[in-house]
Structure formats: structure tokens, C-alpha cells
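What follows is the content of input-v4.cif (mmCIF, C-alpha atoms).
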```cif
data_model
loop_
_atom_site.label_atom_id
_atom_site.label_comp_id
_atom_site.auth_asym_id
_atom_site.auth_seq_id
_atom_site.Cartn_x
_atom_site.Cartn_y
_atom_site.Cartn_z
CA MET A 27 50.70 90.89 101.62
CA THR A 28 51.66 87.40 102.71
CA ASP A 29 50.69 84.17 100.94
CA VAL A 30 48.85 81.86 103.30
CA PHE A 31 47.29 78.43 102.80
CA VAL A 32 44.17 77.57 104.79
CA GLY A 33 42.76 74.05 105.10
CA LEU A 34 39.00 73.56 105.23
CA GLY A 35 37.09 70.51 106.37
CA SER A 36 33.49 69.57 107.12
CA ASN A 37 31.87 66.28 108.07
CA LEU A 38 28.44 67.35 109.38
CA GLY A 39 25.42 68.64 107.51
CA ASP A 40 25.72 69.77 103.90
CA ARG A 41 29.51 69.56 103.69
CA TRP A 42 29.80 71.23 100.26
CA LYS A 43 27.59 74.13 101.38
CA ASN A 44 29.57 74.49 104.63
CA LEU A 45 32.87 74.74 102.74
CA THR A 46 31.42 77.15 100.18
CA LYS A 47 30.08 79.44 102.91
CA ALA A 48 33.41 79.35 104.73
CA ILE A 49 35.29 80.29 101.54
CA LYS A 50 33.00 83.31 101.01
CA LYS A 51 33.52 84.41 104.61
CA ILE A 52 37.30 84.00 104.36
CA ASN A 53 37.29 86.17 101.24
CA ALA A 54 35.36 88.83 103.21
CA ILE A 55 38.00 89.11 105.97
CA GLU A 56 39.58 92.57 106.05
CA ASP A 57 42.90 92.88 104.18
CA THR A 58 42.49 89.32 102.86
CA LYS A 59 41.76 87.90 99.40
CA ILE A 60 41.42 84.35 98.10
CA VAL A 61 43.66 83.85 95.07
CA LYS A 62 43.30 80.08 94.47
CA LYS A 63 40.98 77.25 95.53
CA SER A 64 41.55 73.51 95.37
CA SER A 65 38.96 70.94 94.48
CA PHE A 66 37.23 69.16 97.38
CA LEU A 67 38.29 65.67 98.44
CA LYS A 68 36.34 63.18 100.52
CA THR A 69 38.44 61.68 103.33
CA LYS A 70 37.98 59.45 106.35
CA PRO A 71 38.19 61.14 109.77
CA HIS A 72 41.73 61.20 111.19
CA GLN A 73 41.88 59.39 114.54
CA ALA A 74 38.23 60.21 115.19
CA PRO A 75 34.71 58.84 114.82
CA GLY A 76 32.10 60.25 112.48
CA PRO A 77 31.13 60.62 108.85
CA ASP A 78 33.62 61.24 106.04
CA TYR A 79 35.03 64.73 105.61
CA LEU A 80 34.97 66.94 102.59
CA ASN A 81 38.28 68.85 102.53
CA GLY A 82 39.76 71.68 100.53
CA VAL A 83 42.54 74.26 100.61
CA VAL A 84 42.52 77.93 99.69
CA LYS A 85 45.49 80.18 99.03
CA ILE A 86 44.95 83.67 100.33
CA THR A 87 46.95 86.85 100.54
CA THR A 88 46.60 88.85 103.74
CA ASN A 89 48.04 91.71 105.71
CA LEU A 90 46.84 90.17 108.97
CA ASN A 91 49.43 88.63 111.28
CA PRO A 92 49.05 84.87 111.94
CA GLU A 93 47.35 85.28 115.34
CA LYS A 94 44.81 87.83 114.05
CA LEU A 95 44.06 85.63 111.03
CA LEU A 96 43.55 82.63 113.32
CA ASP A 97 41.11 84.68 115.43
CA LYS A 98 39.16 85.60 112.28
CA LEU A 99 39.03 81.95 111.16
CA LYS A 100 37.76 80.87 114.60
CA GLU A 101 35.05 83.56 114.38
CA ILE A 102 33.95 82.12 111.02
CA GLU A 103 33.80 78.61 112.54
CA GLU A 104 31.59 79.92 115.36
CA ARG A 105 29.31 81.85 112.98
CA LEU A 106 28.84 78.70 110.88
CA GLY A 107 27.82 76.75 113.99
CA ARG A 108 30.92 74.82 114.99
CA LYS A 109 30.70 73.15 118.37
CA GLN A 110 33.44 70.85 119.60
CA ALA A 111 32.25 68.29 122.13
CA PHE A 112 35.62 66.56 122.33
CA LYS A 113 39.00 66.51 120.56
CA ASN A 114 38.60 65.56 116.88
CA ALA A 115 34.80 65.51 117.25
CA PRO A 116 32.75 65.67 114.03
CA ARG A 117 32.29 69.28 112.97
CA ILE A 118 30.33 71.52 110.64
CA ILE A 119 33.50 73.38 109.71
CA ASP A 120 37.20 73.25 110.53
CA LEU A 121 39.58 75.97 109.35
CA ASP A 122 43.33 75.63 109.85
CA ILE A 123 46.27 77.81 108.83
CA LEU A 124 48.52 75.31 107.05
CA LEU A 125 51.31 77.64 105.89
CA TYR A 126 51.89 81.34 106.53
CA GLY A 127 54.50 82.58 104.09
CA LYS A 128 57.79 80.93 105.04
CA GLN A 129 57.25 81.46 108.75
CA LYS A 130 57.69 78.78 111.38
CA ILE A 131 55.62 79.40 114.49
CA LYS A 132 55.13 77.31 117.60
CA THR A 133 52.98 78.76 120.39
CA ASN A 134 50.28 77.35 122.64
CA LYS A 135 47.72 78.65 120.17
CA LEU A 136 49.33 78.09 116.78
CA THR A 137 51.78 75.79 115.02
CA ILE A 138 52.94 76.64 111.49
CA PRO A 139 53.55 74.70 109.32
CA HIS A 140 50.47 72.82 110.49
CA PRO A 141 51.60 69.43 111.86
CA GLY A 142 48.86 67.63 109.90
CA ILE A 143 50.68 68.29 106.63
CA LYS A 144 53.18 65.55 107.51
CA THR A 145 50.57 62.93 108.42
CA ARG A 146 47.62 63.66 106.13
CA ASN A 147 48.47 62.95 102.52
CA PHE A 148 45.29 64.62 101.29
CA LEU A 149 46.64 67.97 102.55
CA LYS A 150 49.80 67.56 100.50
CA LYS A 151 47.73 66.61 97.47
CA LEU A 152 45.44 69.64 97.82
CA LEU A 153 48.35 72.03 98.45
CA LEU A 154 50.21 70.78 95.38
CA GLU A 155 47.04 70.98 93.30
CA ILE A 156 46.92 74.76 93.72
CA GLU A 157 50.66 75.39 94.10
CA PRO A 158 52.57 72.69 92.15
CA ASN A 159 56.03 74.08 93.01
CA LEU A 160 55.38 74.34 96.74
CA LYS A 161 58.11 72.84 98.92
#
```
Write the structure described by the file as C-alpha cells, please.
Amino acid sequence: MTDVFVGLGSNLGDRWKNLTKAIKKINAIEDTKIVKKSSFLKTKPHQAPGPDYLNGVVKITTNLNPEKLLDKLKEIEERLGRKQAFKNAPRIIDLDILLYGKQKIKTNKLTIPHPGIKTRNFLKKLLLEIEPNLK
């Protein structure tokens, strides 16, 4: 099992309910279990229009490889009604793999560590909330 951190965000509809549903669906992914959850933080959209986001982070353990996990997270987004009209458009749910063990990955489909960790202080805050010794 690999420790993975997944970022969650929502800025449309009932944001709390959207995040809660996403967490339940993540926990239901095969060979995957949520082991820790952060609190939720309200943040302004990053380089985008729209209402404020509600954001959180979950730590999971999984046997899925990064690409398969990403596919499962994208399926959850679709099932919860995500539609993306344009880059950084407001969304019902956004799920991102922030860290996948100690791996560094850069493909057309996936970048780990997630580049937003460097530019979005709320991600660092949420990660450290659930994993204080994380480097």
C-alpha cells in the first residue's frame, strides 16, 4: 500500500455536501482506504472567476498505480456532475493527486508532486494539518 494525498475542492452548489460525497466515493475505490481527513478551508479561486472554494485534503492508502487512481478520481468527478467549460472554470468538485508516496511523475496526464503545492499556501496548510512531519 502506498500513502497518497488527494486534494479536494468545490465552489458550486452545496460545497460541503460535494466534498463529503467525494470523500465517501474515494473511500469506496477498490484497494483504497482513507486514513486521515483535514478540516475544510474556504479559499478564493486561483487565477479564475467564480465563488469561493471549500478545500480539503485526504490521506489514503492504495494499491492502485498513480494513473489508475487518477482515472478513478476523474470518474468520481464525472459522477458528481463536474463539467469544465474552460480552464479553471468553477466546478462542483475537483480532485487532484497531490503526493503519491515519494514518487515524482511528469507526464502529459499527471504531475506529482502537484505543482499547486508550491503556489497555494492553503494546500501546504491542509497537508501539514494531517501530516505534521511531511516534507
With a distance cut-off of 12 Å and all atoms listed in the file, select the neighbouring residues of Leu106 (chain A), excluding the residue or stretch itself and same-chain residues fewer than 5 positions from it, and output the selection as a PyMOL selection string. chain A and resi 36+38-41+43-52+99-101+117-121
Please list as number ranges by chain every residue within 7 Å of Leu80 (chain A), counting all atoms listed in the file and excluding residues in the same chain fewer than 2 positions away. A: 35-37, 41, 66-69, 78
Evaluate the PyMOL selection byres ((chain A and resi 56) around 12) here and jot the selected residues down as JSON, numbers by chain. {"A": [51, 52, 53, 54, 55, 57, 58, 59, 60, 86, 87, 88, 89, 90, 91, 94, 95, 98, 99]}
Mind running region 59-134 of chain A against region 140-160 of chain A at 7 Å and telling me each contacting residue's nearest atom pair with the distance in Å (one decimal), counting all atoms listed in the file, chain and number ascending, as a Markdown table?
```
| residue | atom | partner | partner_atom | distance |
| --- | --- | --- | --- | --- |
| A:Lys62 | CA | A:Ile156 | CA | 6.5 |
| A:Lys63 | CA | A:Ile156 | CA | 6.7 |
| A:Ser64 | CA | A:Ile156 | CA | 5.8 |
| A:Gly82 | CA | A:Leu152 | CA | 6.6 |
| A:Val83 | CA | A:Leu152 | CA | 6.1 |
| A:Ile123 | CA | A:His140 | CA | 6.7 |
| A:Leu124 | CA | A:His140 | CA | 4.7 |
| A:Leu125 | CA | A:His140 | CA | 6.7 |
```
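The space between CA of Tyr126 (chain A) and CA of Ile102 (chain A) spans 18.5 Å.
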Tell me which of A:Leu96, A:Gly107, A:Lys85, A:Tyr79 sits closest to Gly127 (chain A), counting all atoms listed in the file. A:Lys85
Expressed in Å to a single decimal, how great is the separation between CA of Asn81 (chain A) and CA of Glu103 (chain A)?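 One can read the CA of Asn81 (chain A) to CA of Glu103 (chain A) distance as 14.7 Å.
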Given the choices A:Val84, A:Glu104, A:Pro71, A:Gln110, which gets closest to Val32 (chain A) if the distance is worked out from all atoms listed in the file?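 Result for the nearest residue to Val32 (chain A): A:Val84.
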Rounded to one decimal in Å, what is the spacing between CA of Ile131 (chain A) and CA of Pro92 (chain A)? 8.9 Å
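Of the listed residues A:His72, A:Leu34, A:Trp42, A:Lys161, the one whose atoms come nearest to Lys128 (chain A) is A:Lys161, with distances taken using all atoms listed in the file.
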Completed region 123-142 of chain A (N, CA and C atoms) as a tab-separated table (two decimals), in the coordinates of the input:
```tsv
chain	number	residue	atom	x	y	z
A	123	ILE	N	45.17	77.20	109.57
A	123	ILE	CA	46.27	77.81	108.83
A	123	ILE	C	47.31	76.71	108.62
A	124	LEU	N	47.55	76.36	107.37
A	124	LEU	CA	48.52	75.31	107.05
A	124	LEU	C	49.92	75.89	106.91
A	125	LEU	N	50.03	76.96	106.14
A	125	LEU	CA	51.31	77.64	105.89
A	125	LEU	C	51.05	79.13	105.92
A	126	TYR	N	51.98	79.87	106.50
A	126	TYR	CA	51.89	81.34	106.53
A	126	TYR	C	53.22	81.88	106.01
A	127	GLY	N	53.25	82.18	104.72
A	127	GLY	CA	54.50	82.58	104.09
A	127	GLY	C	55.54	81.50	104.32
A	128	LYS	N	56.73	81.89	104.71
A	128	LYS	CA	57.79	80.93	105.04
A	128	LYS	C	58.02	80.85	106.54
A	129	GLN	N	57.08	81.41	107.30
A	129	GLN	CA	57.25	81.46	108.75
A	129	GLN	C	57.10	80.09	109.41
A	130	LYS	N	57.84	79.94	110.49
A	130	LYS	CA	57.69	78.78	111.38
A	130	LYS	C	57.29	79.36	112.73
A	131	ILE	N	56.17	78.87	113.24
A	131	ILE	CA	55.62	79.40	114.49
A	131	ILE	C	55.23	78.24	115.37
A	132	LYS	N	55.56	78.33	116.64
A	132	LYS	CA	55.13	77.31	117.60
A	132	LYS	C	54.79	78.03	118.90
A	133	THR	N	53.48	78.19	119.15
A	133	THR	CA	52.98	78.76	120.39
A	133	THR	C	51.93	77.82	120.94
A	134	ASN	N	51.37	78.16	122.08
A	134	ASN	CA	50.28	77.35	122.64
A	134	ASN	C	49.04	77.38	121.75
A	135	LYS	N	48.91	78.43	120.98
A	135	LYS	CA	47.72	78.65	120.17
A	135	LYS	C	47.87	78.25	118.70
A	136	LEU	N	49.12	78.22	118.22
A	136	LEU	CA	49.33	78.09	116.78
A	136	LEU	C	50.64	77.40	116.46
A	137	THR	N	50.58	76.43	115.52
A	137	THR	CA	51.78	75.79	115.02
A	137	THR	C	51.76	75.88	113.49
A	138	ILE	N	52.81	76.49	112.94
A	138	ILE	CA	52.94	76.64	111.49
A	138	ILE	C	54.36	76.26	111.12
A	139	PRO	N	54.55	75.40	110.12
A	139	PRO	CA	53.55	74.70	109.32
A	139	PRO	C	52.66	73.81	110.20
A	140	HIS	N	51.43	73.66	109.76
A	140	HIS	CA	50.47	72.82	110.49
A	140	HIS	C	51.01	71.40	110.55
A	141	PRO	N	51.03	70.78	111.73
A	141	PRO	CA	51.60	69.43	111.86
A	141	PRO	C	50.87	68.37	111.03
A	142	GLY	N	49.62	68.60	110.69
A	142	GLY	CA	48.86	67.63	109.90
A	142	GLY	C	49.39	67.45	108.49
```
